[in-house]
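Undergrad: So here's work11.pdb, just PDB, N, CA and C atoms:
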ATOM      1  N   MET A  18      18.709  47.315   6.106
ATOM      2  CA  MET A  18      18.404  48.698   6.423
ATOM      3  C   MET A  18      17.916  49.432   5.173
ATOM      4  N   VAL A  19      18.425  49.017   4.012
ATOM      5  CA  VAL A  19      17.978  49.606   2.747
ATOM      6  C   VAL A  19      16.475  49.409   2.580
ATOM      7  N   ALA A  20      16.013  48.198   2.842
ATOM      8  CA  ALA A  20      14.581  47.903   2.705
ATOM      9  C   ALA A  20      13.751  48.746   3.672
ATOM     10  N   VAL A  21      14.279  48.994   4.855
ATOM     11  CA  VAL A  21      13.552  49.812   5.833
ATOM     12  C   VAL A  21      13.399  51.237   5.304
ATOM     13  N   GLU A  22      14.489  51.801   4.784
ATOM     14  CA  GLU A  22      14.376  53.166   4.257
ATOM     15  C   GLU A  22      13.398  53.225   3.091
ATOM     16  N   LEU A  23      13.487  52.266   2.182
ATOM     17  CA  LEU A  23      12.562  52.262   1.046
ATOM     18  C   LEU A  23      11.119  52.092   1.515
ATOM     19  N   GLY A  24      10.919  51.255   2.520
ATOM     20  CA  GLY A  24       9.578  51.061   3.068
ATOM     21  C   GLY A  24       9.028  52.322   3.700
ATOM     22  N   VAL A  25       9.846  53.004   4.487
ATOM     23  CA  VAL A  25       9.406  54.253   5.125
ATOM     24  C   VAL A  25       9.107  55.306   4.063
ATOM     25  N   ARG A  26       9.969  55.411   3.068
ATOM     26  CA  ARG A  26       9.726  56.371   1.984
ATOM     27  C   ARG A  26       8.412  56.060   1.255
ATOM     28  N   THR A  27       8.147  54.780   1.030
ATOM     29  CA  THR A  27       6.913  54.384   0.349
ATOM     30  C   THR A  27       5.695  54.715   1.199
ATOM     31  N   LEU A  28       5.776  54.453   2.500
ATOM     32  CA  LEU A  28       4.666  54.799   3.394
ATOM     33  C   LEU A  28       4.382  56.297   3.361
ATOM     34  N   ILE A  29       5.437  57.092   3.412
ATOM     35  CA  ILE A  29       5.270  58.547   3.378
ATOM     36  C   ILE A  29       4.638  58.974   2.051
ATOM     37  N   ALA A  30       5.110  58.382   0.949
ATOM     38  CA  ALA A  30       4.538  58.703  -0.369
ATOM     39  C   ALA A  30       3.067  58.308  -0.455
ATOM     40  N   ALA A  31       2.682  57.289   0.315
ATOM     41  CA  ALA A  31       1.281  56.840   0.331
ATOM     42  C   ALA A  31       0.425  57.676   1.282
ATOM     43  N   GLY A  32       1.043  58.647   1.961
ATOM     44  CA  GLY A  32       0.285  59.538   2.826
ATOM     45  C   GLY A  32       0.277  59.169   4.294
ATOM     46  N   VAL A  33       1.072  58.185   4.677
ATOM     47  CA  VAL A  33       1.122  57.785   6.090
ATOM     48  C   VAL A  33       1.893  58.837   6.883
ATOM     49  N   LYS A  34       1.322  59.241   8.005
ATOM     50  CA  LYS A  34       2.005  60.154   8.918
ATOM     51  C   LYS A  34       1.421  59.980  10.309
ATOM     52  N   SER A  35       2.205  60.368  11.305
ATOM     53  CA  SER A  35       1.779  60.293  12.705
ATOM     54  C   SER A  35       1.196  58.923  13.037
ATOM     55  N   MET A  36       1.994  57.889  12.814
ATOM     56  CA  MET A  36       1.517  56.525  13.032
ATOM     57  C   MET A  36       2.657  55.636  13.532
ATOM     58  N   HIS A  37       2.313  54.681  14.369
ATOM     59  CA  HIS A  37       3.255  53.638  14.772
ATOM     60  C   HIS A  37       3.207  52.538  13.717
ATOM     61  N   ILE A  38       4.379  52.098  13.265
ATOM     62  CA  ILE A  38       4.429  51.010  12.292
ATOM     63  C   ILE A  38       5.330  49.896  12.819
ATOM     64  N   ARG A  39       4.969  48.684  12.506
ATOM     65  CA  ARG A  39       5.814  47.542  12.852
ATOM     66  C   ARG A  39       6.757  47.285  11.689
ATOM     67  N   VAL A  40       8.026  47.197  11.997
ATOM     68  CA  VAL A  40       9.032  46.860  10.995
ATOM     69  C   VAL A  40       9.505  45.454  11.320
ATOM     70  N   ARG A  41       9.046  44.501  10.531
ATOM     71  CA  ARG A  41       9.422  43.109  10.756
ATOM     72  C   ARG A  41      10.652  42.792   9.928
ATOM     73  N   SER A  42      11.659  42.226  10.575
ATOM     74  CA  SER A  42      12.897  41.892   9.875
ATOM     75  C   SER A  42      13.455  40.588  10.418
ATOM     76  N   ASP A  43      14.045  39.802   9.505
ATOM     77  CA  ASP A  43      14.730  38.591   9.942
ATOM     78  C   ASP A  43      16.221  38.866  10.132
ATOM     79  N   ASN A  44      16.595  40.133  10.084
ATOM     80  CA  ASN A  44      17.977  40.545  10.279
ATOM     81  C   ASN A  44      18.093  41.171  11.672
ATOM     82  N   GLN A  45      18.716  40.443  12.583
ATOM     83  CA  GLN A  45      18.820  40.909  13.967
ATOM     84  C   GLN A  45      19.569  42.233  14.064
ATOM     85  N   GLN A  46      20.549  42.458  13.181
ATOM     86  CA  GLN A  46      21.286  43.725  13.211
ATOM     87  C   GLN A  46      20.373  44.906  12.889
ATOM     88  N   VAL A  47      19.459  44.722  11.973
ATOM     89  CA  VAL A  47      18.504  45.783  11.629
ATOM     90  C   VAL A  47      17.581  46.052  12.813
ATOM     91  N   VAL A  48      17.074  44.996  13.422
ATOM     92  CA  VAL A  48      16.183  45.145  14.580
ATOM     93  C   VAL A  48      16.912  45.859  15.715
ATOM     94  N   THR A  49      18.144  45.450  15.985
ATOM     95  CA  THR A  49      18.931  46.065  17.051
ATOM     96  C   THR A  49      19.227  47.531  16.737
ATOM     97  N   ALA A  50      19.603  47.813  15.494
ATOM     98  CA  ALA A  50      19.922  49.193  15.103
ATOM     99  C   ALA A  50      18.708  50.105  15.250
ATOM    100  N   LEU A  51      17.553  49.637  14.817
ATOM    101  CA  LEU A  51      16.340  50.455  14.944
ATOM    102  C   LEU A  51      15.950  50.647  16.407
ATOM    103  N   SER A  52      16.140  49.615  17.210
ATOM    104  CA  SER A  52      15.804  49.714  18.638
ATOM    105  C   SER A  52      16.753  50.658  19.367
ATOM    106  N   ALA A  53      18.050  50.498  19.100
ATOM    107  CA  ALA A  53      19.066  51.291  19.791
ATOM    108  C   ALA A  53      19.285  52.656  19.135
ATOM    109  N   ARG A  54      18.796  52.799  17.905
ATOM    110  CA  ARG A  54      18.972  54.016  17.119
ATOM    111  C   ARG A  54      20.440  54.305  16.820
ATOM    112  N   THR A  55      21.222  53.244  16.737
ATOM    113  CA  THR A  55      22.637  53.370  16.401
ATOM    114  C   THR A  55      23.123  52.061  15.797
ATOM    115  N   VAL A  56      24.171  52.159  14.993
ATOM    116  CA  VAL A  56      24.784  50.989  14.378
ATOM    117  C   VAL A  56      26.257  51.321  14.140
ATOM    118  N   ARG A  57      27.117  50.317  14.188
ATOM    119  CA  ARG A  57      28.556  50.568  14.057
ATOM    120  C   ARG A  57      29.009  50.756  12.617
ATOM    121  N   ASN A  58      28.430  50.031  11.690
ATOM    122  CA  ASN A  58      28.810  50.110  10.281
ATOM    123  C   ASN A  58      28.508  51.511   9.754
ATOM    124  N   SER A  59      29.517  52.177   9.182
ATOM    125  CA  SER A  59      29.331  53.577   8.772
ATOM    126  C   SER A  59      28.311  53.733   7.648
ATOM    127  N   GLN A  60      28.294  52.797   6.691
ATOM    128  CA  GLN A  60      27.324  52.897   5.600
ATOM    129  C   GLN A  60      25.901  52.709   6.133
ATOM    130  N   GLU A  61      25.714  51.710   6.979
ATOM    131  CA  GLU A  61      24.395  51.493   7.573
ATOM    132  C   GLU A  61      24.024  52.634   8.506
ATOM    133  N   SER A  62      25.019  53.235   9.137
ATOM    134  CA  SER A  62      24.763  54.357  10.036
ATOM    135  C   SER A  62      24.136  55.525   9.277
ATOM    136  N   LYS A  63      24.614  55.776   8.059
ATOM    137  CA  LYS A  63      24.057  56.857   7.244
ATOM    138  C   LYS A  63      22.606  56.550   6.868
ATOM    139  N   ILE A  64      22.349  55.296   6.516
ATOM    140  CA  ILE A  64      20.982  54.910   6.146
ATOM    141  C   ILE A  64      20.073  54.978   7.367
ATOM    142  N   LEU A  65      20.556  54.482   8.504
ATOM    143  CA  LEU A  65      19.760  54.542   9.732
ATOM    144  C   LEU A  65      19.433  55.991  10.088
ATOM    145  N   ALA A  66      20.412  56.876   9.976
ATOM    146  CA  ALA A  66      20.166  58.292  10.279
ATOM    147  C   ALA A  66      19.072  58.853   9.373
ATOM    148  N   LYS A  67      19.076  58.459   8.110
ATOM    149  CA  LYS A  67      18.050  58.930   7.173
ATOM    150  C   LYS A  67      16.685  58.362   7.547
ATOM    151  N   VAL A  68      16.642  57.074   7.904
ATOM    152  CA  VAL A  68      15.382  56.446   8.328
ATOM    153  C   VAL A  68      14.816  57.186   9.533
ATOM    154  N   LEU A  69      15.656  57.431  10.524
ATOM    155  CA  LEU A  69      15.200  58.107  11.738
ATOM    156  C   LEU A  69      14.733  59.532  11.435
ATOM    157  N   SER A  70      15.429  60.214  10.528
ATOM    158  CA  SER A  70      15.029  61.566  10.138
ATOM    159  C   SER A  70      13.680  61.558   9.418
ATOM    160  N   LEU A  71      13.505  60.623   8.485
ATOM    161  CA  LEU A  71      12.228  60.508   7.772
ATOM    162  C   LEU A  71      11.086  60.229   8.748
ATOM    163  N   CYS A  72      11.339  59.324   9.684
ATOM    164  CA  CYS A  72      10.308  58.992  10.679
ATOM    165  C   CYS A  72       9.975  60.204  11.542
ATOM    166  N   ARG A  73      11.006  60.891  11.983
ATOM    167  CA  ARG A  73      10.798  62.051  12.858
ATOM    168  C   ARG A  73       9.978  63.135  12.152
ATOM    169  N   THR A  74      10.331  63.453  10.905
ATOM    170  CA  THR A  74       9.636  64.537  10.202
ATOM    171  C   THR A  74       8.210  64.168   9.803
ATOM    172  N   SER A  75       7.925  62.877   9.697
ATOM    173  CA  SER A  75       6.568  62.454   9.310
ATOM    174  C   SER A  75       5.744  61.965  10.500
ATOM    175  N   GLY A  76       6.355  61.931  11.674
ATOM    176  CA  GLY A  76       5.630  61.466  12.852
ATOM    177  C   GLY A  76       5.455  59.960  12.908
ATOM    178  N   ILE A  77       6.240  59.242  12.123
ATOM    179  CA  ILE A  77       6.172  57.775  12.132
ATOM    180  C   ILE A  77       7.067  57.239  13.239
ATOM    181  N   VAL A  78       6.553  56.292  14.003
ATOM    182  CA  VAL A  78       7.339  55.611  15.026
ATOM    183  C   VAL A  78       7.540  54.177  14.551
ATOM    184  N   ALA A  79       8.795  53.830  14.259
ATOM    185  CA  ALA A  79       9.117  52.480  13.790
ATOM    186  C   ALA A  79       9.317  51.563  14.990
ATOM    187  N   MET A  80       8.571  50.475  15.020
ATOM    188  CA  MET A  80       8.650  49.494  16.105
ATOM    189  C   MET A  80       9.221  48.200  15.519
ATOM    190  N   PRO A  81      10.541  47.979  15.674
ATOM    191  CA  PRO A  81      11.169  46.810  15.061
ATOM    192  C   PRO A  81      10.829  45.509  15.779
ATOM    193  N   ILE A  82      10.591  44.482  14.980
ATOM    194  CA  ILE A  82      10.262  43.152  15.503
ATOM    195  C   ILE A  82      11.049  42.128  14.698
ATOM    196  N   TRP A  83      11.764  41.254  15.369
ATOM    197  CA  TRP A  83      12.480  40.186  14.678
ATOM    198  C   TRP A  83      11.497  39.078  14.324
ATOM    199  N   VAL A  84      11.611  38.572  13.095
ATOM    200  CA  VAL A  84      10.798  37.435  12.657
ATOM    201  C   VAL A  84      11.720  36.367  12.084
ATOM    202  N   TRP A  85      11.288  35.139  12.204
ATOM    203  CA  TRP A  85      12.021  34.023  11.641
ATOM    204  C   TRP A  85      12.003  34.154  10.121
ATOM    205  N   THR A  86      13.104  33.835   9.467
ATOM    206  CA  THR A  86      13.209  33.985   8.013
ATOM    207  C   THR A  86      12.043  33.344   7.275
ATOM    208  N   LYS A  87      11.659  32.148   7.661
ATOM    209  CA  LYS A  87      10.581  31.448   6.956
ATOM    210  C   LYS A  87       9.219  32.110   7.175
ATOM    211  N   SER A  88       9.123  32.989   8.169
ATOM    212  CA  SER A  88       7.873  33.709   8.431
ATOM    213  C   SER A  88       7.913  35.136   7.893
ATOM    214  N   ASN A  89       8.989  35.481   7.208
ATOM    215  CA  ASN A  89       9.165  36.835   6.714
ATOM    216  C   ASN A  89       8.605  36.953   5.299
ATOM    217  N   PRO A  90       7.496  37.675   5.122
ATOM    218  CA  PRO A  90       6.897  37.777   3.787
ATOM    219  C   PRO A  90       7.796  38.488   2.778
ATOM    220  N   ALA A  91       8.745  39.282   3.237
ATOM    221  CA  ALA A  91       9.635  39.994   2.315
ATOM    222  C   ALA A  91      10.815  39.140   1.866
ATOM    223  N   ASP A  92      10.998  37.992   2.482
ATOM    224  CA  ASP A  92      12.160  37.165   2.159
ATOM    225  C   ASP A  92      12.184  36.758   0.688
ATOM    226  N   SER A  93      11.048  36.447   0.130
ATOM    227  CA  SER A  93      11.013  36.035  -1.278
ATOM    228  C   SER A  93      11.452  37.175  -2.204
ATOM    229  N   LEU A  94      11.170  38.406  -1.825
ATOM    230  CA  LEU A  94      11.596  39.550  -2.639
ATOM    231  C   LEU A  94      13.116  39.624  -2.732
ATOM    232  N   SER A  95      13.794  39.348  -1.620
ATOM    233  CA  SER A  95      15.255  39.401  -1.631
ATOM    234  C   SER A  95      15.853  38.277  -2.465
ATOM    235  N   ARG A  96      15.048  37.308  -2.829
ATOM    236  CA  ARG A  96      15.487  36.202  -3.677
ATOM    237  C   ARG A  96      14.907  36.327  -5.095
ATOM    238  N   CYS A  97      14.491  37.539  -5.426
ATOM    239  CA  CYS A  97      13.960  37.865  -6.767
ATOM    240  C   CYS A  97      12.719  37.060  -7.124
ATOM    241  N   GLN A  98      11.904  36.739  -6.133
ATOM    242  CA  GLN A  98      10.616  36.086  -6.362
ATOM    243  C   GLN A  98       9.546  37.120  -6.020
ATOM    244  N   TYR A  99       8.918  37.668  -7.048
ATOM    245  CA  TYR A  99       8.020  38.797  -6.867
ATOM    246  C   TYR A  99       6.559  38.381  -6.950
ATOM    247  N   PRO A 100       5.707  39.052  -6.188
ATOM    248  CA  PRO A 100       4.260  38.803  -6.298
ATOM    249  C   PRO A 100       3.744  39.378  -7.612
ATOM    250  N   SER A 101       2.483  39.191  -7.866
ATOM    251  CA  SER A 101       1.910  39.706  -9.107
ATOM    252  C   SER A 101       2.046  41.228  -9.154
ATOM    253  N   TRP A 102       2.193  41.759 -10.339
ATOM    254  CA  TRP A 102       2.348  43.200 -10.521
ATOM    255  C   TRP A 102       1.120  43.947 -10.011
ATOM    256  N   GLU A 103      -0.035  43.324 -10.101
ATOM    257  CA  GLU A 103      -1.281  43.957  -9.675
ATOM    258  C   GLU A 103      -1.338  44.178  -8.161
ATOM    259  N   SER A 104      -0.537  43.458  -7.389
ATOM    260  CA  SER A 104      -0.586  43.581  -5.928
ATOM    261  C   SER A 104       0.336  44.678  -5.393
ATOM    262  N   ARG A 105       0.989  45.407  -6.273
ATOM    263  CA  ARG A 105       1.933  46.427  -5.827
ATOM    264  C   ARG A 105       1.208  47.595  -5.145
ATOM    265  N   VAL A 106       1.943  48.328  -4.365
ATOM    266  CA  VAL A 106       1.433  49.530  -3.702
ATOM    267  C   VAL A 106       1.416  50.656  -4.724
ATOM    268  N   GLU A 107       0.358  51.413  -4.748
ATOM    269  CA  GLU A 107       0.224  52.504  -5.721
ATOM    270  C   GLU A 107       0.860  53.800  -5.212
ATOM    271  N   ALA A 108       2.028  53.702  -4.645
ATOM    272  CA  ALA A 108       2.783  54.876  -4.221
ATOM    273  C   ALA A 108       4.184  54.723  -4.795
ATOM    274  N   TYR A 109       4.649  55.740  -5.449
ATOM    275  CA  TYR A 109       5.941  55.655  -6.121
ATOM    276  C   TYR A 109       6.929  56.608  -5.477
ATOM    277  N   ILE A 110       8.166  56.154  -5.399
ATOM    278  CA  ILE A 110       9.227  56.977  -4.828
ATOM    279  C   ILE A 110      10.401  56.990  -5.795
ATOM    280  N   ASP A 111      11.189  58.031  -5.710
ATOM    281  CA  ASP A 111      12.465  58.052  -6.412
ATOM    282  C   ASP A 111      13.478  57.365  -5.506
ATOM    283  N   ILE A 112      14.328  56.563  -6.094
ATOM    284  CA  ILE A 112      15.366  55.898  -5.306
ATOM    285  C   ILE A 112      16.458  56.932  -5.029
ATOM    286  N   PRO A 113      16.752  57.178  -3.753
ATOM    287  CA  PRO A 113      17.790  58.159  -3.431
ATOM    288  C   PRO A 113      19.158  57.681  -3.942
ATOM    289  N   ASP A 114      19.995  58.625  -4.282
ATOM    290  CA  ASP A 114      21.317  58.291  -4.822
ATOM    291  C   ASP A 114      22.097  57.341  -3.922
ATOM    292  N   HIS A 115      22.025  57.545  -2.613
ATOM    293  CA  HIS A 115      22.832  56.723  -1.706
ATOM    294  C   HIS A 115      22.346  55.271  -1.622
ATOM    295  N   LEU A 116      21.182  54.965  -2.205
ATOM    296  CA  LEU A 116      20.669  53.587  -2.202
ATOM    297  C   LEU A 116      20.712  52.927  -3.578
ATOM    298  N   ARG A 117      21.027  53.675  -4.607
ATOM    299  CA  ARG A 117      20.953  53.145  -5.974
ATOM    300  C   ARG A 117      21.778  51.876  -6.187
ATOM    301  N   GLU A 118      22.933  51.777  -5.576
ATOM    302  CA  GLU A 118      23.774  50.597  -5.794
ATOM    303  C   GLU A 118      23.164  49.324  -5.198
ATOM    304  N   PHE A 119      22.181  49.460  -4.321
ATOM    305  CA  PHE A 119      21.571  48.309  -3.657
ATOM    306  C   PHE A 119      20.237  47.893  -4.272
ATOM    307  N   VAL A 120      19.736  48.675  -5.218
ATOM    308  CA  VAL A 120      18.377  48.480  -5.719
ATOM    309  C   VAL A 120      18.403  48.139  -7.205
ATOM    310  N   ARG A 121      17.537  47.218  -7.567
ATOM    311  CA  ARG A 121      17.409  46.844  -8.975
ATOM    312  C   ARG A 121      16.001  47.183  -9.435
ATOM    313  N   ASP A 122      15.898  47.775 -10.605
ATOM    314  CA  ASP A 122      14.602  48.131 -11.170
ATOM    315  C   ASP A 122      13.900  46.861 -11.650
ATOM    316  N   VAL A 123      12.661  46.693 -11.251
ATOM    317  CA  VAL A 123      11.871  45.527 -11.662
ATOM    318  C   VAL A 123      10.655  46.034 -12.418
ATOM    319  N   ARG A 124      10.529  45.627 -13.638
ATOM    320  CA  ARG A 124       9.402  46.034 -14.480
ATOM    321  C   ARG A 124       8.500  44.831 -14.708
ATOM    322  N   PRO A 125       7.223  45.075 -14.939
ATOM    323  CA  PRO A 125       6.330  43.942 -15.212
ATOM    324  C   PRO A 125       6.718  43.270 -16.525
ATOM    325  N   ARG A 126       6.566  41.967 -16.549
ATOM    326  CA  ARG A 126       6.846  41.216 -17.773
ATOM    327  C   ARG A 126       5.656  41.324 -18.704
ATOM    328  N   SER A 127       5.940  41.506 -19.972
ATOM    329  CA  SER A 127       4.837  41.548 -20.937
ATOM    330  C   SER A 127       4.351  40.134 -21.206
ATOM    331  N   ALA A 128       3.066  40.007 -21.488
ATOM    332  CA  ALA A 128       2.459  38.688 -21.675
ATOM    333  C   ALA A 128       2.874  38.049 -22.972
TER     334      ALA A 128
END
Show me this structure written as structure tokens.
TA:
Amino acid sequence: MVAVELGVRTLIAAGVKSMHIRVRSDNQQVVTALSARTVRNSQESKILAKVLSLCRTSGIVAMPIWVWTKSNPADSLSRCQYPSWESRVEAYIDIPDHLREFVRDVRPRSA
């Protein structure tokens, strides 16, 4: 759910609004939570509420889709395997306080 919030925040920072987006996840709980708009875990519930609020205020409609782990392009990121620095999105966000404990700063390596 953390990745979903960061993704939505990044899309908004990039100027996306009033658009349907596909949220592909290999985590069935995330897909179910986004579909049902509810989750039992209190910490995830707070993040889900923020995701839904961000989507509502920007006109984004999140369409969750479950994908097999091996077909998930984001899976390598969760294993600290990053694409080239040049392929990054040119939209920057501040990490909200409630997500800081889940996020690690990644800087480009000097040559």
Undergrad: Tell me, which residues of chain A carry DSSP strand (DSSP E), written as JSON, numbers by chain?
TA: {"A": [37, 38, 39, 40, 41, 42, 78, 79, 80, 81, 82, 83]}
Undergrad: Near Asn44 (chain A), within 9 Å and counting only C-alpha atoms, which residues show up once chain neighbours fewer than 4 positions away are dropped, as a PyMOL selection string?
TA: chain A and resi 48-49+83-86
Undergrad: Residues as selected, N, CA and C atoms, written as a short mmCIF file (atom, residue, chain, number, x, y, z; two decimals), keeping the file's coordinate frame, can you do that?
TA:
data_model
loop_
_atom_site.label_atom_id
_atom_site.label_comp_id
_atom_site.auth_asym_id
_atom_site.auth_seq_id
_atom_site.Cartn_x
_atom_site.Cartn_y
_atom_site.Cartn_z
N VAL A 48 17.07 45.00 13.42
CA VAL A 48 16.18 45.14 14.58
C VAL A 48 16.91 45.86 15.72
N THR A 49 18.14 45.45 15.98
CA THR A 49 18.93 46.06 17.05
C THR A 49 19.23 47.53 16.74
N TRP A 83 11.76 41.25 15.37
CA TRP A 83 12.48 40.19 14.68
C TRP A 83 11.50 39.08 14.32
N VAL A 84 11.61 38.57 13.10
CA VAL A 84 10.80 37.44 12.66
C VAL A 84 11.72 36.37 12.08
N TRP A 85 11.29 35.14 12.20
CA TRP A 85 12.02 34.02 11.64
C TRP A 85 12.00 34.15 10.12
N THR A 86 13.10 33.84 9.47
CA THR A 86 13.21 33.98 8.01
C THR A 86 12.04 33.34 7.28
#
Undergrad: I'd like the residues picked by the PyMOL selection byres ((chain A and resi 110-122) around 6.5) written out as an mmCIF file with N, CA and C atoms, in the coordinates of the input, using the chain letters and numbers from the file.
TA:
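Output saved as part-v6.cif:
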data_model
loop_
_atom_site.group_PDB
_atom_site.id
_atom_site.type_symbol
_atom_site.label_atom_id
_atom_site.label_comp_id
_atom_site.auth_asym_id
_atom_site.auth_seq_id
_atom_site.Cartn_x
_atom_site.Cartn_y
_atom_site.Cartn_z
ATOM 1 N N ARG A 26 9.969 55.411 3.068
ATOM 2 C CA ARG A 26 9.726 56.371 1.984
ATOM 3 C C ARG A 26 8.412 56.060 1.255
ATOM 4 N N THR A 27 8.147 54.780 1.030
ATOM 5 C CA THR A 27 6.913 54.384 0.349
ATOM 6 C C THR A 27 5.695 54.715 1.199
ATOM 7 N N ALA A 108 2.028 53.702 -4.645
ATOM 8 C CA ALA A 108 2.783 54.876 -4.221
ATOM 9 C C ALA A 108 4.184 54.723 -4.795
ATOM 10 N N TYR A 109 4.649 55.740 -5.449
ATOM 11 C CA TYR A 109 5.941 55.655 -6.121
ATOM 12 C C TYR A 109 6.929 56.608 -5.477
ATOM 13 N N VAL A 123 12.661 46.693 -11.251
ATOM 14 C CA VAL A 123 11.871 45.527 -11.662
ATOM 15 C C VAL A 123 10.655 46.034 -12.418
ATOM 16 N N ARG A 124 10.529 45.627 -13.638
ATOM 17 C CA ARG A 124 9.402 46.034 -14.480
ATOM 18 C C ARG A 124 8.500 44.831 -14.708
#
Undergrad: Go through A:Met36, A:Ala79, A:Ala30, A:Ala66 one by one, measure the shortest atom-to-atom distance of each to Glu107 (chain A) using only N, CA and C atoms, and give the residue with the smallest value.
TA: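 Using only N, CA and C atoms, Glu107 (chain A) sits closest to A:Ala30.
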Undergrad: Taking the DSSP secondary structure from the backbone, can you list the residues of chain A that are helix (DSSP H, G or I), as a PyMOL selection string?
TA: chain A and resi 19-30+45-53+59-75+86-88+92-95+102-104+114-119
Undergrad: Which residues come within 8 Å of Leu23 (chain A), counting all atoms listed in the file, excluding same-chain residues fewer than 5 positions away, as an NGL selection string?
TA: :A and (18 or 28-29 or 68 or 112)
Undergrad: So, with all atoms listed in the file as the atoms that count, which of A:Ser93, A:Tyr99, A:Gly76, A:Val21 lies closest to Val40 (chain A)?
TA: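 Nearest to Val40 (chain A): A:Val21.
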Undergrad: Would you kindly return, as a list in words, each protein, DNA or RNA residue with an atom no farther than 7 Å from any atom of Val78 (chain A), considering all atoms listed in the file and excluding same-chain residues fewer than 2 positions away?
TA: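 Contacts, with the query itself left out: Ser35, Met36, His37, Ile38, Arg39, Cys72, Arg73, Ser75, Gly76, Met80 and Pro81 of chain A.
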Undergrad: One number please: CA of Pro100 (chain A) to atom C of Gln46 (chain A), in Å, one decimal.
TA: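 Straight-line distance from CA of Pro100 (chain A) to atom C of Gln46 (chain A) works out to 25.8 Å.
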Undergrad: To one decimal place, how far is atom N of Asn58 (chain A) from atom C of Gln45 (chain A) in Å?
TA: 12.0 Å
Undergrad: Kindly give the distance, in Å, that separates atom N of Leu69 (chain A) and atom C of Arg41 (chain A), rounded to a single decimal.
TA: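 Calculated distance between atom N of Leu69 (chain A) and atom C of Arg41 (chain A) is 15.5 Å.
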Undergrad: My list of candidates is A:Ile82, A:Leu94, A:Ala50, A:Ile77. Which is closest to Lys34 (chain A) when distances are computed with all atoms listed in the file?
TA: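 With all atoms listed in the file as the atom set, the closest residue is A:Ile77.
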